[in-house]
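Visitor: Dropping in data-v8.cif, with mmCIF, N, CA and C atoms.
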```
data_run
loop_
_atom_site.label_atom_id
_atom_site.label_comp_id
_atom_site.auth_asym_id
_atom_site.auth_seq_id
_atom_site.Cartn_x
_atom_site.Cartn_y
_atom_site.Cartn_z
N MET E 21 0.84 -1.18 0.00
CA MET E 21 0.00 0.00 0.00
C MET E 21 0.89 1.24 0.00
N ASP E 22 0.51 2.24 -0.78
CA ASP E 22 1.35 3.42 -0.86
C ASP E 22 1.08 4.37 0.31
N CYS E 23 1.99 5.30 0.52
CA CYS E 23 1.91 6.20 1.66
C CYS E 23 0.67 7.08 1.66
N GLN E 24 0.28 7.57 0.51
CA GLN E 24 -0.91 8.43 0.46
C GLN E 24 -2.14 7.68 0.94
N GLN E 25 -2.23 6.40 0.57
CA GLN E 25 -3.38 5.60 1.02
C GLN E 25 -3.32 5.34 2.52
N ILE E 26 -2.13 5.05 3.02
CA ILE E 26 -1.96 4.82 4.46
C ILE E 26 -2.31 6.08 5.24
N LEU E 27 -1.85 7.25 4.76
CA LEU E 27 -2.15 8.51 5.44
C LEU E 27 -3.64 8.82 5.42
N SER E 28 -4.32 8.42 4.36
CA SER E 28 -5.77 8.63 4.27
C SER E 28 -6.54 7.65 5.15
N ASP E 29 -6.03 6.44 5.27
CA ASP E 29 -6.74 5.39 6.01
C ASP E 29 -6.48 5.40 7.51
N THR E 30 -5.42 6.07 7.96
CA THR E 30 -5.10 6.13 9.39
C THR E 30 -5.77 7.37 9.97
N ILE E 31 -6.71 7.16 10.88
CA ILE E 31 -7.51 8.26 11.41
C ILE E 31 -7.36 8.32 12.93
N PRO E 32 -6.62 9.31 13.44
CA PRO E 32 -6.54 9.49 14.88
C PRO E 32 -7.88 10.00 15.41
N VAL E 33 -8.31 9.44 16.53
CA VAL E 33 -9.52 9.89 17.21
C VAL E 33 -9.10 10.36 18.60
N ILE E 34 -9.30 11.64 18.86
CA ILE E 34 -8.95 12.22 20.15
C ILE E 34 -10.23 12.23 20.98
N HIS E 35 -10.29 11.33 21.94
CA HIS E 35 -11.53 11.10 22.69
C HIS E 35 -11.50 11.78 24.05
N ASN E 36 -12.60 12.48 24.34
CA ASN E 36 -12.85 13.02 25.67
C ASN E 36 -11.85 14.08 26.12
N PRO E 37 -11.40 14.97 25.22
CA PRO E 37 -10.46 16.00 25.70
C PRO E 37 -11.18 17.04 26.57
N ALA E 38 -10.54 17.42 27.66
CA ALA E 38 -11.06 18.49 28.52
C ALA E 38 -10.10 19.67 28.51
N SER E 39 -8.85 19.43 28.19
CA SER E 39 -7.81 20.45 28.19
C SER E 39 -7.56 20.95 26.77
N VAL E 40 -7.54 22.27 26.62
CA VAL E 40 -7.24 22.87 25.32
C VAL E 40 -5.86 22.42 24.86
N GLN E 41 -4.88 22.45 25.76
CA GLN E 41 -3.50 22.12 25.39
C GLN E 41 -3.35 20.67 24.94
N LYS E 42 -3.99 19.73 25.67
CA LYS E 42 -3.91 18.32 25.26
C LYS E 42 -4.54 18.11 23.89
N LEU E 43 -5.66 18.78 23.66
CA LEU E 43 -6.33 18.66 22.37
C LEU E 43 -5.44 19.19 21.26
N LEU E 44 -4.90 20.38 21.44
CA LEU E 44 -4.07 20.98 20.40
C LEU E 44 -2.78 20.22 20.18
N ASP E 45 -2.20 19.69 21.25
CA ASP E 45 -0.98 18.88 21.10
C ASP E 45 -1.25 17.63 20.26
N ALA E 46 -2.37 16.97 20.51
CA ALA E 46 -2.72 15.77 19.75
C ALA E 46 -3.02 16.12 18.29
N ILE E 47 -3.65 17.26 18.07
CA ILE E 47 -3.92 17.73 16.70
C ILE E 47 -2.59 17.99 15.98
N LYS E 48 -1.67 18.70 16.64
CA LYS E 48 -0.38 19.03 16.02
C LYS E 48 0.43 17.78 15.70
N VAL E 49 0.43 16.81 16.60
CA VAL E 49 1.14 15.55 16.35
C VAL E 49 0.55 14.86 15.13
N SER E 50 -0.77 14.77 15.08
CA SER E 50 -1.45 14.11 13.96
C SER E 50 -1.13 14.80 12.65
N LEU E 51 -1.18 16.12 12.64
CA LEU E 51 -0.86 16.88 11.43
C LEU E 51 0.61 16.72 11.06
N GLY E 52 1.47 16.65 12.06
CA GLY E 52 2.89 16.46 11.81
C GLY E 52 3.21 15.17 11.09
N PHE E 53 2.40 14.15 11.33
CA PHE E 53 2.57 12.87 10.64
C PHE E 53 1.91 12.87 9.27
N GLY E 54 1.13 13.90 8.98
CA GLY E 54 0.54 14.02 7.65
C GLY E 54 -0.78 13.32 7.43
N VAL E 55 -1.47 12.93 8.52
CA VAL E 55 -2.75 12.27 8.33
C VAL E 55 -3.74 13.24 7.67
N LYS E 56 -4.69 12.68 6.96
CA LYS E 56 -5.63 13.50 6.19
C LYS E 56 -6.91 13.83 6.95
N THR E 57 -7.27 12.99 7.94
CA THR E 57 -8.50 13.17 8.70
C THR E 57 -8.21 12.97 10.17
N ILE E 58 -8.74 13.87 11.00
CA ILE E 58 -8.63 13.76 12.45
C ILE E 58 -10.04 13.88 13.02
N VAL E 59 -10.35 13.05 14.00
CA VAL E 59 -11.67 13.07 14.63
C VAL E 59 -11.50 13.43 16.10
N VAL E 60 -12.41 14.26 16.60
CA VAL E 60 -12.49 14.56 18.03
C VAL E 60 -13.87 14.11 18.50
N THR E 61 -13.90 13.30 19.56
CA THR E 61 -15.18 12.85 20.11
C THR E 61 -15.29 13.26 21.57
N LYS E 62 -16.50 13.61 21.96
CA LYS E 62 -16.85 13.89 23.35
C LYS E 62 -15.98 14.99 23.97
N ALA E 63 -15.71 16.05 23.23
CA ALA E 63 -14.96 17.18 23.79
C ALA E 63 -15.80 17.86 24.87
N VAL E 64 -15.16 18.22 25.97
CA VAL E 64 -15.87 18.84 27.08
C VAL E 64 -15.11 20.07 27.57
N GLY E 65 -15.80 20.91 28.31
CA GLY E 65 -15.20 22.06 28.98
C GLY E 65 -14.51 23.02 28.03
N THR E 66 -13.35 23.50 28.45
CA THR E 66 -12.63 24.49 27.64
C THR E 66 -12.12 23.90 26.34
N ALA E 67 -11.88 22.60 26.31
CA ALA E 67 -11.46 21.98 25.04
C ALA E 67 -12.57 22.12 24.01
N ALA E 68 -13.81 21.98 24.44
CA ALA E 68 -14.94 22.12 23.52
C ALA E 68 -15.16 23.59 23.14
N GLN E 69 -15.03 24.48 24.10
CA GLN E 69 -15.35 25.89 23.86
C GLN E 69 -14.24 26.64 23.16
N GLN E 70 -13.01 26.42 23.57
CA GLN E 70 -11.88 27.17 23.01
C GLN E 70 -10.97 26.32 22.12
N GLY E 71 -10.82 25.06 22.47
CA GLY E 71 -9.90 24.18 21.75
C GLY E 71 -10.38 23.79 20.37
N ILE E 72 -11.66 23.49 20.23
CA ILE E 72 -12.19 23.06 18.93
C ILE E 72 -12.04 24.16 17.87
N PRO E 73 -12.38 25.42 18.16
CA PRO E 73 -12.17 26.45 17.13
C PRO E 73 -10.70 26.60 16.72
N GLU E 74 -9.80 26.51 17.68
CA GLU E 74 -8.37 26.60 17.38
C GLU E 74 -7.91 25.37 16.59
N ALA E 75 -8.43 24.21 16.95
CA ALA E 75 -8.10 22.98 16.22
C ALA E 75 -8.56 23.08 14.77
N PHE E 76 -9.76 23.61 14.55
CA PHE E 76 -10.24 23.80 13.17
C PHE E 76 -9.30 24.71 12.39
N ARG E 77 -8.83 25.77 13.02
CA ARG E 77 -7.91 26.69 12.35
C ARG E 77 -6.64 25.97 11.92
N LEU E 78 -6.05 25.20 12.83
CA LEU E 78 -4.81 24.47 12.52
C LEU E 78 -5.03 23.45 11.40
N VAL E 79 -6.12 22.72 11.48
CA VAL E 79 -6.39 21.67 10.51
C VAL E 79 -6.68 22.26 9.13
N LEU E 80 -7.48 23.30 9.09
CA LEU E 80 -7.78 23.94 7.81
C LEU E 80 -6.53 24.51 7.14
N LYS E 81 -5.64 25.09 7.94
CA LYS E 81 -4.38 25.62 7.39
C LYS E 81 -3.54 24.52 6.75
N SER E 82 -3.65 23.31 7.28
CA SER E 82 -2.84 22.20 6.78
C SER E 82 -3.47 21.50 5.58
N GLY E 83 -4.74 21.76 5.32
CA GLY E 83 -5.42 21.08 4.22
C GLY E 83 -6.04 19.76 4.61
N ALA E 84 -6.02 19.41 5.89
CA ALA E 84 -6.62 18.16 6.36
C ALA E 84 -8.09 18.42 6.72
N THR E 85 -8.74 17.39 7.24
CA THR E 85 -10.15 17.47 7.64
C THR E 85 -10.28 17.17 9.12
N LEU E 86 -11.08 17.98 9.82
CA LEU E 86 -11.38 17.73 11.23
C LEU E 86 -12.86 17.42 11.34
N ILE E 87 -13.17 16.32 12.01
CA ILE E 87 -14.54 15.90 12.25
C ILE E 87 -14.76 15.89 13.76
N VAL E 88 -15.79 16.59 14.22
CA VAL E 88 -16.11 16.64 15.65
C VAL E 88 -17.46 15.95 15.84
N LEU E 89 -17.46 14.93 16.71
CA LEU E 89 -18.65 14.11 16.91
C LEU E 89 -18.92 13.91 18.40
N PRO E 90 -20.17 13.59 18.75
CA PRO E 90 -20.50 13.41 20.17
C PRO E 90 -19.83 12.21 20.83
N ASP E 91 -19.64 11.11 20.09
CA ASP E 91 -19.14 9.90 20.74
C ASP E 91 -18.41 9.00 19.74
N ILE E 92 -17.69 8.02 20.26
CA ILE E 92 -16.94 7.07 19.44
C ILE E 92 -17.89 6.29 18.52
N LYS E 93 -19.05 5.93 19.04
CA LYS E 93 -20.01 5.17 18.21
C LYS E 93 -20.37 5.93 16.94
N ASP E 94 -20.47 7.25 17.05
CA ASP E 94 -20.79 8.06 15.87
C ASP E 94 -19.66 7.98 14.84
N ALA E 95 -18.42 8.03 15.32
CA ALA E 95 -17.27 7.94 14.41
C ALA E 95 -17.26 6.59 13.70
N ILE E 96 -17.56 5.54 14.43
CA ILE E 96 -17.59 4.20 13.83
C ILE E 96 -18.71 4.10 12.79
N GLU E 97 -19.88 4.61 13.15
CA GLU E 97 -21.02 4.54 12.23
C GLU E 97 -20.76 5.32 10.95
N LEU E 98 -20.19 6.51 11.07
CA LEU E 98 -20.01 7.38 9.91
C LEU E 98 -18.78 7.03 9.07
N LEU E 99 -17.70 6.62 9.71
CA LEU E 99 -16.45 6.36 8.99
C LEU E 99 -16.28 4.91 8.56
N ARG E 100 -17.02 4.01 9.15
CA ARG E 100 -17.00 2.58 8.80
C ARG E 100 -15.58 2.02 8.68
N PRO E 101 -14.84 2.04 9.79
CA PRO E 101 -13.46 1.55 9.72
C PRO E 101 -13.37 0.03 9.62
N ASP E 102 -12.23 -0.41 9.09
CA ASP E 102 -11.93 -1.84 9.05
C ASP E 102 -11.39 -2.32 10.40
N SER E 103 -10.69 -1.41 11.11
CA SER E 103 -10.11 -1.73 12.41
C SER E 103 -10.32 -0.56 13.36
N ILE E 104 -10.50 -0.89 14.64
CA ILE E 104 -10.66 0.12 15.68
C ILE E 104 -9.69 -0.23 16.80
N TYR E 105 -8.69 0.62 17.00
CA TYR E 105 -7.69 0.39 18.04
C TYR E 105 -7.82 1.44 19.14
N PHE E 106 -7.94 0.97 20.38
CA PHE E 106 -7.90 1.84 21.54
C PHE E 106 -6.47 1.82 22.06
N LEU E 107 -5.77 2.93 21.92
CA LEU E 107 -4.36 3.00 22.29
C LEU E 107 -4.22 2.97 23.80
N SER E 108 -3.29 2.13 24.29
CA SER E 108 -3.20 1.88 25.72
C SER E 108 -1.80 1.42 26.10
N THR E 109 -1.62 1.21 27.39
CA THR E 109 -0.40 0.60 27.90
C THR E 109 -0.63 -0.88 28.20
N ARG E 110 -1.83 -1.37 27.88
CA ARG E 110 -2.19 -2.77 28.07
C ARG E 110 -2.83 -3.31 26.80
N GLY E 111 -2.96 -4.61 26.75
CA GLY E 111 -3.64 -5.23 25.62
C GLY E 111 -2.68 -5.95 24.71
N ASN E 112 -3.19 -6.35 23.56
CA ASN E 112 -2.39 -7.04 22.57
C ASN E 112 -1.50 -6.05 21.84
N PRO E 113 -0.37 -6.52 21.31
CA PRO E 113 0.45 -5.62 20.49
C PRO E 113 -0.32 -5.18 19.25
N MET E 114 -0.03 -3.99 18.79
CA MET E 114 -0.70 -3.47 17.61
C MET E 114 -0.19 -4.21 16.38
N ASP E 115 -1.11 -4.83 15.64
CA ASP E 115 -0.76 -5.55 14.42
C ASP E 115 -0.44 -4.57 13.31
N ASN E 116 0.04 -5.11 12.20
CA ASN E 116 0.16 -4.28 11.00
C ASN E 116 -1.26 -3.92 10.58
N ILE E 117 -1.51 -2.65 10.45
CA ILE E 117 -2.86 -2.25 10.12
C ILE E 117 -3.09 -2.31 8.62
N LYS E 118 -4.32 -2.63 8.28
CA LYS E 118 -4.73 -2.69 6.88
C LYS E 118 -6.09 -2.03 6.77
N GLY E 119 -6.27 -1.23 5.74
CA GLY E 119 -7.55 -0.57 5.54
C GLY E 119 -7.75 0.61 6.48
N ARG E 120 -8.94 1.12 6.47
CA ARG E 120 -9.28 2.29 7.28
C ARG E 120 -9.24 1.92 8.76
N THR E 121 -8.45 2.65 9.52
CA THR E 121 -8.23 2.32 10.93
C THR E 121 -8.43 3.54 11.80
N LEU E 122 -9.26 3.40 12.83
CA LEU E 122 -9.39 4.43 13.85
C LEU E 122 -8.40 4.12 14.96
N MET E 123 -7.57 5.10 15.30
CA MET E 123 -6.61 4.97 16.40
C MET E 123 -7.07 5.93 17.49
N ILE E 124 -7.75 5.38 18.50
CA ILE E 124 -8.44 6.18 19.50
C ILE E 124 -7.55 6.35 20.72
N VAL E 125 -7.33 7.61 21.09
CA VAL E 125 -6.54 7.93 22.27
C VAL E 125 -7.43 8.64 23.28
N GLN E 126 -7.33 8.24 24.53
CA GLN E 126 -8.09 8.87 25.62
C GLN E 126 -7.35 10.13 26.04
N ALA E 127 -7.93 11.30 25.77
CA ALA E 127 -7.25 12.57 26.01
C ALA E 127 -7.55 13.17 27.38
N SER E 128 -8.23 12.40 28.22
CA SER E 128 -8.45 12.86 29.59
C SER E 128 -7.66 11.93 30.52
N ASP E 129 -7.76 12.19 31.79
CA ASP E 129 -7.04 11.36 32.77
C ASP E 129 -7.80 10.08 33.11
N GLN E 130 -8.96 9.91 32.51
CA GLN E 130 -9.77 8.72 32.77
C GLN E 130 -9.33 7.58 31.86
N SER E 131 -9.70 6.38 32.23
CA SER E 131 -9.48 5.22 31.37
C SER E 131 -10.68 5.08 30.44
N PHE E 132 -10.50 4.32 29.36
CA PHE E 132 -11.64 4.01 28.51
C PHE E 132 -12.63 3.19 29.32
N MET E 133 -13.92 3.40 29.09
CA MET E 133 -14.95 2.59 29.72
C MET E 133 -15.01 1.24 29.00
N GLN E 134 -15.43 0.22 29.71
CA GLN E 134 -15.53 -1.11 29.10
C GLN E 134 -16.47 -1.11 27.91
N SER E 135 -17.54 -0.34 28.00
CA SER E 135 -18.48 -0.26 26.87
C SER E 135 -17.82 0.33 25.63
N GLU E 136 -16.86 1.21 25.82
CA GLU E 136 -16.10 1.76 24.69
C GLU E 136 -15.13 0.72 24.15
N LEU E 137 -14.40 0.06 25.05
CA LEU E 137 -13.42 -0.95 24.63
C LEU E 137 -14.08 -2.09 23.86
N ASN E 138 -15.34 -2.38 24.15
CA ASN E 138 -16.05 -3.45 23.46
C ASN E 138 -16.28 -3.12 21.98
N LEU E 139 -16.09 -1.87 21.59
CA LEU E 139 -16.30 -1.45 20.21
C LEU E 139 -15.11 -1.78 19.30
N GLY E 140 -13.96 -2.10 19.91
CA GLY E 140 -12.77 -2.37 19.11
C GLY E 140 -11.79 -3.22 19.89
N GLN E 141 -10.51 -2.98 19.65
CA GLN E 141 -9.45 -3.77 20.27
C GLN E 141 -8.52 -2.84 21.05
N GLN E 142 -8.30 -3.16 22.33
CA GLN E 142 -7.33 -2.42 23.13
C GLN E 142 -5.94 -2.91 22.76
N VAL E 143 -5.07 -1.98 22.37
CA VAL E 143 -3.73 -2.37 21.95
C VAL E 143 -2.68 -1.68 22.81
N LYS E 144 -1.62 -2.42 23.05
CA LYS E 144 -0.50 -1.92 23.84
C LYS E 144 0.49 -1.24 22.91
N VAL E 145 0.64 0.06 23.09
CA VAL E 145 1.61 0.82 22.31
C VAL E 145 2.96 0.79 23.01
N ILE E 146 2.94 0.98 24.32
CA ILE E 146 4.13 0.94 25.17
C ILE E 146 3.65 0.54 26.56
N GLY E 147 4.49 -0.10 27.34
CA GLY E 147 4.09 -0.62 28.64
C GLY E 147 4.11 0.38 29.78
N ARG E 148 4.47 1.61 29.51
CA ARG E 148 4.54 2.63 30.56
C ARG E 148 3.57 3.76 30.27
N ASP E 149 3.15 4.41 31.33
CA ASP E 149 2.26 5.56 31.16
C ASP E 149 3.10 6.76 30.75
N VAL E 150 2.98 7.14 29.49
CA VAL E 150 3.75 8.27 28.96
C VAL E 150 2.86 9.46 28.62
N GLY E 151 1.56 9.32 28.89
CA GLY E 151 0.62 10.38 28.56
C GLY E 151 0.01 10.17 27.20
N SER E 152 -1.14 10.78 27.00
CA SER E 152 -1.93 10.52 25.79
C SER E 152 -1.25 11.02 24.52
N THR E 153 -0.61 12.18 24.58
CA THR E 153 0.03 12.72 23.38
C THR E 153 1.21 11.84 22.95
N ALA E 154 2.01 11.40 23.91
CA ALA E 154 3.13 10.52 23.59
C ALA E 154 2.64 9.17 23.08
N LEU E 155 1.56 8.67 23.65
CA LEU E 155 0.99 7.40 23.21
C LEU E 155 0.55 7.50 21.75
N LEU E 156 -0.12 8.59 21.40
CA LEU E 156 -0.53 8.81 20.02
C LEU E 156 0.68 8.95 19.10
N THR E 157 1.68 9.68 19.55
CA THR E 157 2.90 9.87 18.75
C THR E 157 3.57 8.54 18.45
N LEU E 158 3.73 7.71 19.47
CA LEU E 158 4.37 6.40 19.29
C LEU E 158 3.57 5.50 18.35
N ALA E 159 2.24 5.51 18.50
CA ALA E 159 1.40 4.67 17.65
C ALA E 159 1.45 5.13 16.19
N LEU E 160 1.36 6.43 15.97
CA LEU E 160 1.43 6.94 14.60
C LEU E 160 2.81 6.67 13.99
N ASN E 161 3.85 6.80 14.79
CA ASN E 161 5.20 6.51 14.30
C ASN E 161 5.33 5.06 13.88
N LYS E 162 4.74 4.17 14.65
CA LYS E 162 4.82 2.74 14.33
C LYS E 162 4.11 2.44 13.00
N VAL E 163 2.97 3.07 12.80
CA VAL E 163 2.16 2.80 11.60
C VAL E 163 2.69 3.54 10.37
N LEU E 164 3.14 4.77 10.59
CA LEU E 164 3.49 5.64 9.46
C LEU E 164 4.99 5.82 9.27
N ASP E 165 5.81 5.02 9.94
CA ASP E 165 7.27 5.24 9.90
C ASP E 165 7.83 5.23 8.49
N LYS E 166 7.30 4.43 7.60
CA LYS E 166 7.82 4.40 6.23
C LYS E 166 7.38 5.60 5.40
N CYS E 167 6.40 6.34 5.92
CA CYS E 167 5.86 7.47 5.16
C CYS E 167 6.37 8.82 5.67
N ILE E 168 7.20 8.80 6.69
CA ILE E 168 7.72 10.04 7.26
C ILE E 168 8.96 10.46 6.49
N GLU E 169 8.95 11.68 6.05
CA GLU E 169 10.09 12.20 5.27
C GLU E 169 11.15 12.78 6.17
#
```
Hey, can you dump this file as structure tokens for me?

Guide:
Amino acid sequence: MDCQQILSDTIPVIHNPASVQKLLDAIKVSLGFGVKTIVVTKAVGTAAQQGIPEAFRLVLKSGATLIVLPDIKDAIELLRPDSIYFLSTRGNPMDNIKGRTLMIVQASDQSFMQSELNLGQQVKVIGRDVGSTALLTLALNKVLDKCIE
């Protein structure tokens, strides 16, 4: 599969952000890797009020697409992914991804709920708690390493 297809098929999902800075950091990391679509689900507080408008500005400047949805289920229903990975410090190792893949990172200090995890596969990116932005960075690097210039 060529890099343009991989960049189009890899979709970071920033779930449950409450902090403007965490949201923007995850957006910047995703854009830095060159992904074409970024999804934000369940944004709350200042991340929803101040972070989303700033995120739209950054994404539009880059030529990518930002989708803001109420919940993970909405992203799954609308984007119809082939794979759904919940990025974590536990679970199975992340396989080689094929097709449209949602890479969901928990952007709050909470863990994913079991009802959310039942929607996909919890994957271990690294065995230590490095924070959500670093977890997303490591996962995108693993998937997109051949496409990084």

Visitor: Give me the result of the PyMOL selection byres ((chain E and resi 33-46) around 5) on this file, residue by residue, as a list in words.

Guide: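 After applying the PyMOL selection byres ((chain E and resi 33-46) around 5), what remains is Ile31, Pro32, Ile47, Lys48, Val49, Ser50, Val59, Val60, Thr61, Lys62, Ala63, Val64, Thr66, Ala67, Gly71, Met123, Ile124, Val125, Gln126, Ala127 and Ser128 of chain E.
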
Visitor: Which one of E:Thr109, E:Lys118, E:Leu78, E:Met133 sits closest to Asp149 of chain E if you count all atoms listed in the file?

Guide: E:Thr109

Visitor: Find the distance between atom CA of Gly111 of chain E and atom CA of Val143 of chain E and write it in Å to one decimal.

Guide: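 Computing it gives 4.7 Å between the two atoms.
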
Visitor: Quick one: pull the distance between atom N of Thr85 of chain E and atom CA of Lys56 of chain E, Å, one decimal.

Guide: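 Atom CA of Lys56 of chain E lies at a distance of 5.1 Å from atom N of Thr85 of chain E.
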
Visitor: Residues of chain E classed as alpha helix (DSSP H) by DSSP on the backbone are to be reported as a ChimeraX atom specification.

Guide: /E:23-29,40-52,65-66,72-82,92-99,134-137,152-164

Visitor: Please identify which residues in segment 45-154 of chain E DSSP calls strand (DSSP E) from the backbone, and express them as an MDAnalysis selection string.

Guide: chainID E and resid 57:61 85:89 103:108 112:113 121:126 141:144

Visitor: Smallest atom-to-atom distance to Leu27 of chain E: which of E:Val55, E:Leu122, E:Val163, E:Leu158, using only N, CA and C atoms?

Guide: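 The closest residue to Leu27 of chain E is E:Val55.
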
Visitor: Do you have the atom N of Val88 of chain E-atom C of Ile58 of chain E distance handy?

Guide: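 Interatomic distance, atom N of Val88 of chain E to atom C of Ile58 of chain E: 6.5 Å.
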
Visitor: Where does the PyMOL selection byres (((chain E and resi 113 and name CA) around 8) and name CA) land in this file, that is, which residues does it pick, as a PyMOL selection string?

Guide: chain E and resi 111-112+114-115+143-145

Visitor: Ranking E:Leu107, E:Gln141, E:Phe76, E:Asp94 by minimum distance to Leu155 of chain E and counting only N, CA and C atoms, which one comes first?

Guide: E:Leu107

Visitor: Rank E:Lys81, E:Arg100, E:Arg110, E:Lys93 by their smallest atom-to-atom distance to Gln142 of chain E, using only C-alpha atoms, and report the top residue only.

Guide: E:Arg110

Visitor: Would you please work out which residue, of E:Ile117, E:Tyr105, E:Ile87, E:Cys23, is nearest to Leu156 of chain E when using only C-alpha atoms?

Guide: E:Tyr105
